[in-house]
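Raw contents of upload.json, JSON, C-alpha atoms:
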[["chain", "number", "residue", "atom", "x", "y", "z"],
["T", 1, "MET", "CA", 0.00, 0.00, 0.00],
["T", 2, "PRO", "CA", 1.45, 3.44, -0.87],
["T", 3, "ARG", "CA", 2.53, 5.62, 2.05],
["T", 4, "ALA", "CA", 0.15, 8.45, 2.85],
["T", 5, "PRO", "CA", 1.58, 11.98, 2.53],
["T", 6, "HIS", "CA", 2.95, 13.29, 5.82],
["T", 7, "THR", "CA", 4.38, 16.70, 4.91],
["T", 8, "PRO", "CA", 2.57, 19.81, 3.61],
["T", 9, "ALA", "CA", 4.39, 19.57, 0.27],
["T", 10, "GLU", "CA", 3.39, 15.95, -0.23],
["T", 11, "TYR", "CA", -0.16, 16.73, 0.81],
["T", 12, "TRP", "CA", -0.63, 19.59, -1.63],
["T", 13, "ASP", "CA", 1.15, 17.83, -4.51],
["T", 14, "THR", "CA", -0.89, 14.65, -4.04],
["T", 15, "TYR", "CA", -4.33, 15.91, -3.12],
["T", 16, "MET", "CA", -4.78, 19.52, -4.18],
["T", 17, "PRO", "CA", -4.94, 18.71, -7.93],
["T", 18, "HIS", "CA", -8.40, 17.36, -7.18],
["T", 19, "ARG", "CA", -9.60, 20.80, -6.10],
["T", 20, "GLY", "CA", -10.79, 23.45, -8.52],
["T", 21, "GLU", "CA", -11.56, 21.06, -11.39],
["T", 22, "GLY", "CA", -14.33, 22.04, -13.74],
["T", 23, "ASP", "CA", -15.68, 25.47, -14.62],
["T", 24, "GLN", "CA", -16.39, 26.81, -11.16],
["T", 25, "PRO", "CA", -17.17, 30.52, -11.01],
["T", 26, "ALA", "CA", -14.84, 32.86, -9.16],
["T", 27, "PRO", "CA", -16.07, 33.50, -5.59],
["T", 28, "VAL", "CA", -17.69, 36.76, -4.60],
["T", 29, "VAL", "CA", -15.19, 39.10, -2.92],
["T", 30, "ASP", "CA", -16.79, 41.74, -0.71],
["T", 31, "ARG", "CA", -14.82, 41.54, 2.55],
["T", 32, "PHE", "CA", -11.44, 40.51, 3.92],
["T", 33, "GLU", "CA", -12.26, 37.49, 6.10],
["T", 34, "TRP", "CA", -9.94, 36.17, 8.84],
["T", 35, "THR", "CA", -12.32, 33.60, 10.31],
["T", 36, "GLN", "CA", -14.40, 30.66, 9.09],
["T", 37, "TYR", "CA", -17.58, 32.61, 9.83],
["T", 38, "SER", "CA", -18.62, 35.11, 7.18],
["T", 39, "GLY", "CA", -18.76, 38.68, 8.46],
["T", 40, "HIS", "CA", -17.37, 37.77, 11.88],
["T", 41, "GLY", "CA", -14.42, 39.54, 13.44],
["T", 42, "PRO", "CA", -12.02, 42.16, 12.10],
["T", 43, "GLY", "CA", -11.31, 42.87, 8.46],
["T", 44, "VAL", "CA", -8.57, 44.34, 6.32],
["T", 45, "GLU", "CA", -7.78, 47.03, 8.91],
["T", 46, "VAL", "CA", -5.62, 44.46, 10.74],
["T", 47, "LEU", "CA", -2.95, 44.99, 8.08],
["T", 48, "GLY", "CA", -2.80, 48.77, 8.39],
["T", 49, "ARG", "CA", -2.15, 50.57, 5.09],
["T", 50, "PRO", "CA", 0.36, 48.46, 3.17],
["T", 51, "ARG", "CA", 1.57, 49.32, -0.31],
["T", 52, "ARG", "CA", 2.93, 45.81, -0.95],
["T", 53, "ALA", "CA", 1.62, 42.64, 0.69],
["T", 54, "LEU", "CA", 2.45, 38.94, 0.64],
["T", 55, "ASP", "CA", -0.26, 36.29, 1.07],
["T", 56, "LEU", "CA", 1.15, 32.96, 2.31],
["T", 57, "GLY", "CA", -1.17, 30.20, 1.12],
["T", 58, "PRO", "CA", -3.89, 32.21, -0.65],
["T", 59, "ALA", "CA", -5.77, 29.17, -2.08],
["T", 60, "GLU", "CA", -8.57, 30.69, -4.15],
["T", 61, "GLY", "CA", -7.17, 34.17, -3.55],
["T", 62, "LYS", "CA", -10.15, 36.02, -2.12],
["T", 63, "GLU", "CA", -8.23, 38.00, 0.47],
["T", 64, "ALA", "CA", -5.48, 38.84, -2.01],
["T", 65, "VAL", "CA", -8.07, 40.10, -4.50],
["T", 66, "PHE", "CA", -9.76, 42.25, -1.89],
["T", 67, "LEU", "CA", -6.44, 43.92, -1.05],
["T", 68, "ALA", "CA", -5.49, 44.40, -4.70],
["T", 69, "ARG", "CA", -8.78, 46.15, -5.34],
["T", 70, "GLN", "CA", -7.88, 48.58, -2.55],
["T", 71, "GLY", "CA", -4.75, 49.56, -4.50],
["T", 72, "VAL", "CA", -2.28, 47.23, -2.75],
["T", 73, "VAL", "CA", 0.28, 45.34, -4.84],
["T", 74, "VAL", "CA", -0.20, 41.74, -3.71],
["T", 75, "THR", "CA", 1.77, 38.55, -4.29],
["T", 76, "GLY", "CA", 0.14, 35.25, -3.38],
["T", 77, "VAL", "CA", 2.42, 32.25, -2.80],
["T", 78, "ASP", "CA", 0.83, 28.80, -2.77],
["T", 79, "LEU", "CA", 2.37, 25.34, -2.85],
["T", 80, "SER", "CA", -0.32, 23.85, -5.10],
["T", 81, "PRO", "CA", 0.19, 24.37, -8.86],
["T", 82, "VAL", "CA", -3.51, 23.75, -9.41],
["T", 83, "GLN", "CA", -4.52, 26.39, -6.88],
["T", 84, "VAL", "CA", -2.14, 28.87, -8.49],
["T", 85, "GLU", "CA", -3.38, 28.11, -12.00],
["T", 86, "ARG", "CA", -6.97, 28.51, -10.91],
["T", 87, "ALA", "CA", -6.30, 31.78, -9.07],
["T", 88, "ARG", "CA", -4.43, 33.16, -12.09],
["T", 89, "ARG", "CA", -7.34, 32.23, -14.35],
["T", 90, "TRP", "CA", -9.99, 33.70, -12.07],
["T", 91, "TRP", "CA", -8.17, 36.96, -11.33],
["T", 92, "ARG", "CA", -6.20, 37.54, -14.54],
["T", 93, "ASP", "CA", -7.77, 41.00, -14.94],
["T", 94, "GLU", "CA", -6.45, 42.26, -11.58],
["T", 95, "PRO", "CA", -3.34, 44.31, -12.49],
["T", 96, "LYS", "CA", -1.96, 44.60, -8.96],
["T", 97, "LEU", "CA", -2.17, 40.90, -8.20],
["T", 98, "SER", "CA", 0.18, 38.00, -9.01],
["T", 99, "PHE", "CA", 0.42, 34.38, -7.89],
["T", 100, "VAL", "CA", 3.57, 32.29, -7.47],
["T", 101, "GLN", "CA", 3.77, 28.52, -7.06],
["T", 102, "ALA", "CA", 6.36, 27.85, -4.34],
["T", 103, "ASP", "CA", 6.94, 26.68, -0.80],
["T", 104, "ALA", "CA", 6.49, 29.62, 1.58],
["T", 105, "CYS", "CA", 9.93, 29.31, 3.17],
["T", 106, "ASP", "CA", 11.65, 28.85, -0.18],
["T", 107, "TYR", "CA", 9.99, 31.95, -1.56],
["T", 108, "LEU", "CA", 10.79, 34.08, 1.46],
["T", 109, "ALA", "CA", 14.44, 33.00, 1.32],
["T", 110, "SER", "CA", 14.78, 33.59, -2.41],
["T", 111, "ASP", "CA", 14.58, 37.38, -2.53],
["T", 112, "ALA", "CA", 15.20, 40.42, -0.38],
["T", 113, "GLU", "CA", 12.49, 42.77, -1.68],
["T", 114, "PRO", "CA", 10.51, 43.99, 1.35],
["T", 115, "PHE", "CA", 6.78, 43.82, 1.99],
["T", 116, "ASP", "CA", 4.76, 46.16, 4.17],
["T", 117, "ALA", "CA", 2.51, 43.27, 5.25],
["T", 118, "VAL", "CA", 2.80, 39.49, 5.28],
["T", 119, "TYR", "CA", -0.31, 37.53, 6.18],
["T", 120, "SER", "CA", -1.84, 34.06, 6.20],
["T", 121, "VAL", "CA", -5.54, 33.26, 6.50],
["T", 122, "TRP", "CA", -5.79, 29.61, 7.52],
["T", 123, "GLY", "CA", -2.82, 29.14, 5.22],
["T", 124, "ALA", "CA", 0.89, 28.40, 5.21],
["T", 125, "VAL", "CA", 1.59, 29.58, 8.77],
["T", 126, "TRP", "CA", -0.61, 26.77, 10.06],
["T", 127, "PHE", "CA", 1.39, 24.13, 8.17],
["T", 128, "THR", "CA", 4.94, 25.48, 8.52],
["T", 129, "ASP", "CA", 7.38, 25.23, 11.42],
["T", 130, "PRO", "CA", 7.42, 28.74, 12.94],
["T", 131, "GLU", "CA", 11.07, 28.32, 13.91],
["T", 132, "GLN", "CA", 11.84, 28.22, 10.19],
["T", 133, "LEU", "CA", 9.13, 30.58, 8.94],
["T", 134, "PHE", "CA", 9.22, 33.48, 11.40],
["T", 135, "PRO", "CA", 12.88, 34.50, 10.86],
["T", 136, "LEU", "CA", 12.28, 34.53, 7.09],
["T", 137, "VAL", "CA", 9.15, 36.66, 7.45],
["T", 138, "ALA", "CA", 11.05, 39.09, 9.68],
["T", 139, "LYS", "CA", 13.73, 39.52, 7.01],
["T", 140, "ARG", "CA", 11.20, 40.28, 4.28],
["T", 141, "LEU", "CA", 9.11, 42.79, 6.24],
["T", 142, "ALA", "CA", 9.84, 46.48, 5.91],
["T", 143, "ALA", "CA", 10.57, 48.29, 9.17],
["T", 144, "GLY", "CA", 7.35, 48.49, 11.15],
["T", 145, "GLY", "CA", 5.61, 46.11, 8.73],
["T", 146, "VAL", "CA", 2.72, 43.91, 9.86],
["T", 147, "PHE", "CA", 2.76, 40.12, 10.14],
["T", 148, "ALA", "CA", -0.71, 38.69, 10.75],
["T", 149, "PHE", "CA", -2.24, 35.26, 10.60],
["T", 150, "SER", "CA", -5.33, 33.30, 11.59],
["T", 151, "GLN", "CA", -6.21, 29.64, 11.96],
["T", 152, "ALA", "CA", -8.40, 27.37, 14.08],
["T", 153, "GLU", "CA", -7.90, 27.63, 17.81],
["T", 154, "ALA", "CA", -5.86, 24.80, 19.29],
["T", 155, "ALA", "CA", -7.68, 21.98, 21.02],
["T", 156, "PRO", "CA", -6.82, 21.79, 24.74],
["T", 157, "GLY", "CA", -3.62, 19.81, 25.23],
["T", 158, "SER", "CA", -2.83, 19.69, 21.50],
["T", 159, "TYR", "CA", 0.15, 22.00, 21.23],
["T", 160, "GLY", "CA", 3.20, 22.07, 18.98],
["T", 161, "PRO", "CA", 3.26, 20.19, 15.66],
["T", 162, "GLN", "CA", 0.11, 18.11, 15.57],
["T", 163, "PRO", "CA", -0.76, 15.47, 12.99],
["T", 164, "MET", "CA", -3.95, 16.20, 11.08],
["T", 165, "SER", "CA", -5.23, 13.00, 9.52],
["T", 166, "GLY", "CA", -8.30, 11.28, 8.23],
["T", 167, "LYS", "CA", -10.12, 10.23, 5.12],
["T", 168, "TRP", "CA", -12.43, 13.23, 5.52],
["T", 169, "LEU", "CA", -9.70, 15.65, 4.39],
["T", 170, "GLU", "CA", -10.56, 16.82, 0.88],
["T", 171, "GLY", "CA", -13.02, 13.94, 0.63],
["T", 172, "ARG", "CA", -10.26, 11.48, -0.20],
["T", 173, "GLU", "CA", -10.69, 7.71, -0.02],
["T", 174, "ARG", "CA", -7.21, 7.12, 1.43],
["T", 175, "GLU", "CA", -5.96, 8.11, 4.87],
["T", 176, "LEU", "CA", -3.54, 11.03, 4.89],
["T", 177, "THR", "CA", -1.61, 12.90, 7.55],
["T", 178, "VAL", "CA", -0.04, 16.36, 7.56],
["T", 179, "PRO", "CA", 1.46, 18.36, 10.46],
["T", 180, "ARG", "CA", 0.01, 21.65, 11.61],
["T", 181, "TRP", "CA", 1.44, 23.90, 14.30],
["T", 182, "GLN", "CA", -0.85, 24.81, 17.20],
["T", 183, "TYR", "CA", -0.16, 26.77, 20.38],
["T", 184, "LYS", "CA", -1.96, 28.87, 22.92],
["T", 185, "PRO", "CA", -1.94, 32.60, 22.09],
["T", 186, "GLY", "CA", 0.76, 33.27, 24.71],
["T", 187, "ALA", "CA", 3.08, 30.71, 23.15],
["T", 188, "TRP", "CA", 2.64, 32.30, 19.71],
["T", 189, "ALA", "CA", 3.47, 35.67, 21.25],
["T", 190, "ASP", "CA", 6.63, 34.25, 22.84],
["T", 191, "LEU", "CA", 7.73, 32.75, 19.51],
["T", 192, "LEU", "CA", 7.25, 36.05, 17.73],
["T", 193, "LYS", "CA", 9.07, 38.00, 20.41],
["T", 194, "ARG", "CA", 12.01, 35.61, 20.28],
["T", 195, "HIS", "CA", 12.31, 36.19, 16.53],
["T", 196, "GLY", "CA", 12.40, 39.96, 16.87],
["T", 197, "PHE", "CA", 8.76, 40.99, 16.41],
["T", 198, "THR", "CA", 7.16, 43.71, 18.51],
["T", 199, "ASP", "CA", 3.68, 45.12, 19.23],
["T", 200, "ILE", "CA", 2.35, 41.55, 19.45],
["T", 201, "ASP", "CA", -1.34, 40.79, 19.88],
["T", 202, "ALA", "CA", -2.44, 37.14, 20.02],
["T", 203, "PHE", "CA", -5.87, 35.94, 21.14],
["T", 204, "VAL", "CA", -8.70, 33.55, 20.34],
["T", 205, "LEU", "CA", -11.72, 35.21, 18.78],
["T", 206, "GLU", "CA", -14.78, 33.37, 20.03],
["T", 207, "ALA", "CA", -17.19, 31.96, 17.48],
["T", 208, "PRO", "CA", -20.46, 33.84, 16.87],
["T", 209, "GLU", "CA", -22.38, 30.84, 18.22],
["T", 210, "ALA", "CA", -21.76, 29.04, 21.50],
["T", 211, "GLY", "CA", -20.08, 25.68, 21.16],
["T", 212, "LYS", "CA", -18.47, 26.45, 17.79],
["T", 213, "LEU", "CA", -14.73, 26.53, 17.14],
["T", 214, "GLY", "CA", -12.99, 29.84, 17.74],
["T", 215, "THR", "CA", -10.29, 31.45, 15.59],
["T", 216, "LEU", "CA", -6.72, 32.17, 16.63],
["T", 217, "MET", "CA", -5.83, 35.74, 15.63],
["T", 218, "VAL", "CA", -2.21, 36.95, 15.74],
["T", 219, "ARG", "CA", -0.73, 40.30, 14.73],
["T", 220, "ALA", "CA", 2.79, 41.66, 15.19],
["T", 221, "ARG", "CA", 5.18, 44.20, 13.71],
["T", 222, "SER", "CA", 8.74, 43.94, 12.54],
["T", 223, "ALA", "CA", 11.31, 45.92, 14.51],
["T", 224, "ALA", "CA", 11.58, 49.52, 13.33]]
Using the file provided, produce a representation of the structure as structure tokens.
Amino acid sequence: MPRAPHTPAEYWDTYMPHRGEGDQPAPVVDRFEWTQYSGHGPGVEVLGRPRRALDLGPAEGKEAVFLARQGVVVTGVDLSPVQVERARRWWRDEPKLSFVQADACDYLASDAEPFDAVYSVWGAVWFTDPEQLFPLVAKRLAAGGVFAFSQAEAAPGSYGPQPMSGKWLEGRERELTVPRWQYKPGAWADLLKRHGFTDIDAFVLEAPEAGKLGTLMVRARSAA
């Protein structure tokens, strides 16, 4: 029996080609969403007023499109070639927006051009070792630039790199496992501080309905 993917790269390369097939319409873009609940929580103001922004793991590209339509020059970096091809096709008429197929860490290490904001909405930050990612983000942020990300809140007792597995992922028939990094808000703040970030705000935004999963929200700035 073939081994199930156990790294983000293997996961995206093996399973993401099944997403976005067919002539699906581009999604409606009317708000910058950080959470899994439409209209809940903060919006684009979290990023301040960037001129250039980097989206780590944009998937279908909705947040990147929203920013580009506000006049921000946005680059979206996604590991899946199918996701990138689809995003390019959907948003080809957006002049301030481009998509690159690459690993987040590889892309951040490949150039020195600064960004005013780097963000991830349930994207690459969740699936990348922060000890590797955070120093690279810090190097690519302009002085005082914003680093922000969101993802599901961690389950109690499930901290550090946690395996995410099951046949339910992407509706696949085979079992698969990928790691995702989960910590309490205070631990994320400590990680960011250790890698030189300042003005750190990390918290769990409660769901709009009781009993639903909350959203981890983290925002920090690069050293001036």
Residue nearest Ala148 of chain T - candidates T:Val72, T:Ala109, T:Ala53, T:Met217, atoms counted: all atoms listed in the file: T:Met217
Proximity to Asp116 of chain T - best of T:Ala155, T:Val82, T:Leu54, T:Val65, only C-alpha atoms: T:Leu54
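In this comparison, which uses only C-alpha atoms, the residue of T:Val125, T:Val29, T:Ala102, T:Leu141 approaching Pro161 of chain T most closely is T:Val125.
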Using only C-alpha atoms: which of T:Gly196, T:Pro27, T:Pro208, T:Pro163 has the shortest distance to Gly61 of chain T: T:Pro27
7 Å contact set for segment 88-92 of chain T, only C-alpha atoms, chain neighbours under 4 positions out, as a list in words: Ala26, Val84 and Phe99 of chain T
Neighbour list for Glu63 of chain T as a PDB file with C-alpha atoms, in the coordinates of the input, cut-off 12 Å, only C-alpha atoms, skip fewer than 4 positions in-chain:
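Written out: part.pdb:
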ATOM      1  CA  PRO T  27     -16.070  33.500  -5.590  1.00  0.00           C
ATOM      2  CA  VAL T  28     -17.690  36.760  -4.600  1.00  0.00           C
ATOM      3  CA  VAL T  29     -15.190  39.100  -2.920  1.00  0.00           C
ATOM      4  CA  ASP T  30     -16.790  41.740  -0.710  1.00  0.00           C
ATOM      5  CA  ARG T  31     -14.820  41.540   2.550  1.00  0.00           C
ATOM      6  CA  PHE T  32     -11.440  40.510   3.920  1.00  0.00           C
ATOM      7  CA  GLU T  33     -12.260  37.490   6.100  1.00  0.00           C
ATOM      8  CA  TRP T  34      -9.940  36.170   8.840  1.00  0.00           C
ATOM      9  CA  THR T  35     -12.320  33.600  10.310  1.00  0.00           C
ATOM     10  CA  GLY T  43     -11.310  42.870   8.460  1.00  0.00           C
ATOM     11  CA  VAL T  44      -8.570  44.340   6.320  1.00  0.00           C
ATOM     12  CA  LEU T  47      -2.950  44.990   8.080  1.00  0.00           C
ATOM     13  CA  ALA T  53       1.620  42.640   0.690  1.00  0.00           C
ATOM     14  CA  LEU T  54       2.450  38.940   0.640  1.00  0.00           C
ATOM     15  CA  ASP T  55      -0.260  36.290   1.070  1.00  0.00           C
ATOM     16  CA  LEU T  56       1.150  32.960   2.310  1.00  0.00           C
ATOM     17  CA  GLY T  57      -1.170  30.200   1.120  1.00  0.00           C
ATOM     18  CA  PRO T  58      -3.890  32.210  -0.650  1.00  0.00           C
ATOM     19  CA  ALA T  59      -5.770  29.170  -2.080  1.00  0.00           C
ATOM     20  CA  LEU T  67      -6.440  43.920  -1.050  1.00  0.00           C
ATOM     21  CA  ALA T  68      -5.490  44.400  -4.700  1.00  0.00           C
ATOM     22  CA  ARG T  69      -8.780  46.150  -5.340  1.00  0.00           C
ATOM     23  CA  GLN T  70      -7.880  48.580  -2.550  1.00  0.00           C
ATOM     24  CA  VAL T  72      -2.280  47.230  -2.750  1.00  0.00           C
ATOM     25  CA  VAL T  74      -0.200  41.740  -3.710  1.00  0.00           C
ATOM     26  CA  THR T  75       1.770  38.550  -4.290  1.00  0.00           C
ATOM     27  CA  GLY T  76       0.140  35.250  -3.380  1.00  0.00           C
ATOM     28  CA  ALA T  87      -6.300  31.780  -9.070  1.00  0.00           C
ATOM     29  CA  TRP T  91      -8.170  36.960 -11.330  1.00  0.00           C
ATOM     30  CA  LEU T  97      -2.170  40.900  -8.200  1.00  0.00           C
ATOM     31  CA  TYR T 119      -0.310  37.530   6.180  1.00  0.00           C
ATOM     32  CA  SER T 120      -1.840  34.060   6.200  1.00  0.00           C
ATOM     33  CA  VAL T 121      -5.540  33.260   6.500  1.00  0.00           C
ATOM     34  CA  TRP T 122      -5.790  29.610   7.520  1.00  0.00           C
ATOM     35  CA  GLY T 123      -2.820  29.140   5.220  1.00  0.00           C
TER      36      GLY T 123
END
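Using all atoms listed in the file, the shortest contact distance between Gln132 of chain T and any of T:Ala202, T:Arg219, T:Glu153, T:Leu192 is found at T:Leu192.
Comparing T:Glu45, T:Asp190, T:Glu113, T:Glu85 by their smallest distance to Phe134 of chain T, the closest is T:Asp190 (using all atoms listed in the file).
The coordinates place atom CA of Ala143 of chain T at 13.2 Å from atom CA of Ala112 of chain T.
The two atoms in question, atom CA of Leu216 of chain T and atom CA of Asp201 of chain T, are spaced 10.7 Å apart.
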Using all atoms listed in the file, tabulate the residues of segment 118-171 of chain T lying at most 9 Å from any atom of segment 184-187 of chain T, each with its closest atom pair and that distance in Å to one decimal, by chain and increasing residue number, as CSV.
residue,atom,partner,partner_atom,distance
T:Glu153,CA,T:Lys184,CA,7.9
T:Ala154,CA,T:Lys184,CA,6.7
T:Pro156,CA,T:Lys184,CA,8.8
T:Tyr159,CA,T:Lys184,CA,7.4
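Here atom CA of Phe197 of chain T is placed at a distance of 14.8 Å from atom CA of Phe115 of chain T.
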For Leu108 of chain T: contacts at 9 Å, only C-alpha atoms, fewer than 2 positions along chain excluded, given as a list of chain:residue names: T:Asp103, T:Ala104, T:Cys105, T:Asp106, T:Ser110, T:Asp111, T:Ala112, T:Leu133, T:Leu136, T:Val137, T:Lys139, T:Arg140
Residues of the last selection are to be written out with C-alpha atoms, as an mmCIF file, in the coordinates of the input.
data_model
loop_
_atom_site.group_PDB
_atom_site.id
_atom_site.type_symbol
_atom_site.label_atom_id
_atom_site.label_comp_id
_atom_site.auth_asym_id
_atom_site.auth_seq_id
_atom_site.Cartn_x
_atom_site.Cartn_y
_atom_site.Cartn_z
ATOM 1 C CA ASP T 103 6.940 26.680 -0.800
ATOM 2 C CA ALA T 104 6.490 29.620 1.580
ATOM 3 C CA CYS T 105 9.930 29.310 3.170
ATOM 4 C CA ASP T 106 11.650 28.850 -0.180
ATOM 5 C CA SER T 110 14.780 33.590 -2.410
ATOM 6 C CA ASP T 111 14.580 37.380 -2.530
ATOM 7 C CA ALA T 112 15.200 40.420 -0.380
ATOM 8 C CA LEU T 133 9.130 30.580 8.940
ATOM 9 C CA LEU T 136 12.280 34.530 7.090
ATOM 10 C CA VAL T 137 9.150 36.660 7.450
ATOM 11 C CA LYS T 139 13.730 39.520 7.010
ATOM 12 C CA ARG T 140 11.200 40.280 4.280
#
Would you fill out segment 82-97 of chain T with N, CA, C and O atoms and return it as a PDB file, in the coordinates of the input?
ATOM      1  N   VAL T  82      -2.135  23.644  -8.952  1.00  0.00           N
ATOM      2  CA  VAL T  82      -3.510  23.750  -9.410  1.00  0.00           C
ATOM      3  C   VAL T  82      -4.196  24.963  -8.796  1.00  0.00           C
ATOM      4  O   VAL T  82      -4.935  25.693  -9.469  1.00  0.00           O
ATOM      5  N   GLN T  83      -3.963  25.202  -7.517  1.00  0.00           N
ATOM      6  CA  GLN T  83      -4.520  26.390  -6.880  1.00  0.00           C
ATOM      7  C   GLN T  83      -4.010  27.663  -7.560  1.00  0.00           C
ATOM      8  O   GLN T  83      -4.771  28.598  -7.807  1.00  0.00           O
ATOM      9  N   VAL T  84      -2.724  27.686  -7.854  1.00  0.00           N
ATOM     10  CA  VAL T  84      -2.140  28.870  -8.490  1.00  0.00           C
ATOM     11  C   VAL T  84      -2.714  29.068  -9.880  1.00  0.00           C
ATOM     12  O   VAL T  84      -3.069  30.192 -10.277  1.00  0.00           O
ATOM     13  N   GLU T  85      -2.824  27.986 -10.648  1.00  0.00           N
ATOM     14  CA  GLU T  85      -3.380  28.110 -12.000  1.00  0.00           C
ATOM     15  C   GLU T  85      -4.803  28.615 -11.961  1.00  0.00           C
ATOM     16  O   GLU T  85      -5.204  29.460 -12.753  1.00  0.00           O
ATOM     17  N   ARG T  86      -5.581  28.089 -11.020  1.00  0.00           N
ATOM     18  CA  ARG T  86      -6.970  28.510 -10.910  1.00  0.00           C
ATOM     19  C   ARG T  86      -7.062  29.981 -10.505  1.00  0.00           C
ATOM     20  O   ARG T  86      -7.847  30.749 -11.081  1.00  0.00           O
ATOM     21  N   ALA T  87      -6.272  30.386  -9.510  1.00  0.00           N
ATOM     22  CA  ALA T  87      -6.300  31.780  -9.070  1.00  0.00           C
ATOM     23  C   ALA T  87      -5.886  32.716 -10.210  1.00  0.00           C
ATOM     24  O   ALA T  87      -6.491  33.781 -10.414  1.00  0.00           O
ATOM     25  N   ARG T  88      -4.853  32.342 -10.957  1.00  0.00           N
ATOM     26  CA  ARG T  88      -4.430  33.160 -12.090  1.00  0.00           C
ATOM     27  C   ARG T  88      -5.541  33.299 -13.125  1.00  0.00           C
ATOM     28  O   ARG T  88      -5.734  34.370 -13.712  1.00  0.00           O
ATOM     29  N   ARG T  89      -6.258  32.203 -13.352  1.00  0.00           N
ATOM     30  CA  ARG T  89      -7.340  32.230 -14.350  1.00  0.00           C
ATOM     31  C   ARG T  89      -8.493  33.107 -13.870  1.00  0.00           C
ATOM     32  O   ARG T  89      -9.026  33.930 -14.618  1.00  0.00           O
ATOM     33  N   TRP T  90      -8.872  32.933 -12.602  1.00  0.00           N
ATOM     34  CA  TRP T  90      -9.990  33.700 -12.070  1.00  0.00           C
ATOM     35  C   TRP T  90      -9.696  35.202 -12.012  1.00  0.00           C
ATOM     36  O   TRP T  90     -10.560  36.028 -12.297  1.00  0.00           O
ATOM     37  N   TRP T  91      -8.475  35.559 -11.628  1.00  0.00           N
ATOM     38  CA  TRP T  91      -8.170  36.960 -11.330  1.00  0.00           C
ATOM     39  C   TRP T  91      -7.165  37.568 -12.317  1.00  0.00           C
ATOM     40  O   TRP T  91      -6.440  38.475 -11.990  1.00  0.00           O
ATOM     41  N   ARG T  92      -7.177  37.071 -13.546  1.00  0.00           N
ATOM     42  CA  ARG T  92      -6.200  37.540 -14.540  1.00  0.00           C
ATOM     43  C   ARG T  92      -6.371  39.017 -14.896  1.00  0.00           C
ATOM     44  O   ARG T  92      -5.453  39.637 -15.416  1.00  0.00           O
ATOM     45  N   ASP T  93      -7.536  39.590 -14.609  1.00  0.00           N
ATOM     46  CA  ASP T  93      -7.770  41.000 -14.940  1.00  0.00           C
ATOM     47  C   ASP T  93      -7.447  41.945 -13.790  1.00  0.00           C
ATOM     48  O   ASP T  93      -7.749  43.137 -13.873  1.00  0.00           O
ATOM     49  N   GLU T  94      -6.839  41.419 -12.722  1.00  0.00           N
ATOM     50  CA  GLU T  94      -6.450  42.260 -11.580  1.00  0.00           C
ATOM     51  C   GLU T  94      -4.991  42.678 -11.754  1.00  0.00           C
ATOM     52  O   GLU T  94      -4.075  41.890 -11.512  1.00  0.00           O
ATOM     53  N   PRO T  95      -4.710  43.918 -12.147  1.00  0.00           N
ATOM     54  CA  PRO T  95      -3.340  44.310 -12.490  1.00  0.00           C
ATOM     55  C   PRO T  95      -2.368  44.357 -11.324  1.00  0.00           C
ATOM     56  O   PRO T  95      -1.153  44.274 -11.523  1.00  0.00           O
ATOM     57  N   LYS T  96      -2.849  44.495 -10.123  1.00  0.00           N
ATOM     58  CA  LYS T  96      -1.960  44.600  -8.960  1.00  0.00           C
ATOM     59  C   LYS T  96      -1.747  43.271  -8.247  1.00  0.00           C
ATOM     60  O   LYS T  96      -1.166  43.228  -7.160  1.00  0.00           O
ATOM     61  N   LEU T  97      -2.185  42.188  -8.855  1.00  0.00           N
ATOM     62  CA  LEU T  97      -2.170  40.900  -8.200  1.00  0.00           C
ATOM     63  C   LEU T  97      -1.398  39.867  -9.019  1.00  0.00           C
ATOM     64  O   LEU T  97      -1.566  39.769 -10.231  1.00  0.00           O
TER      65      LEU T  97
END
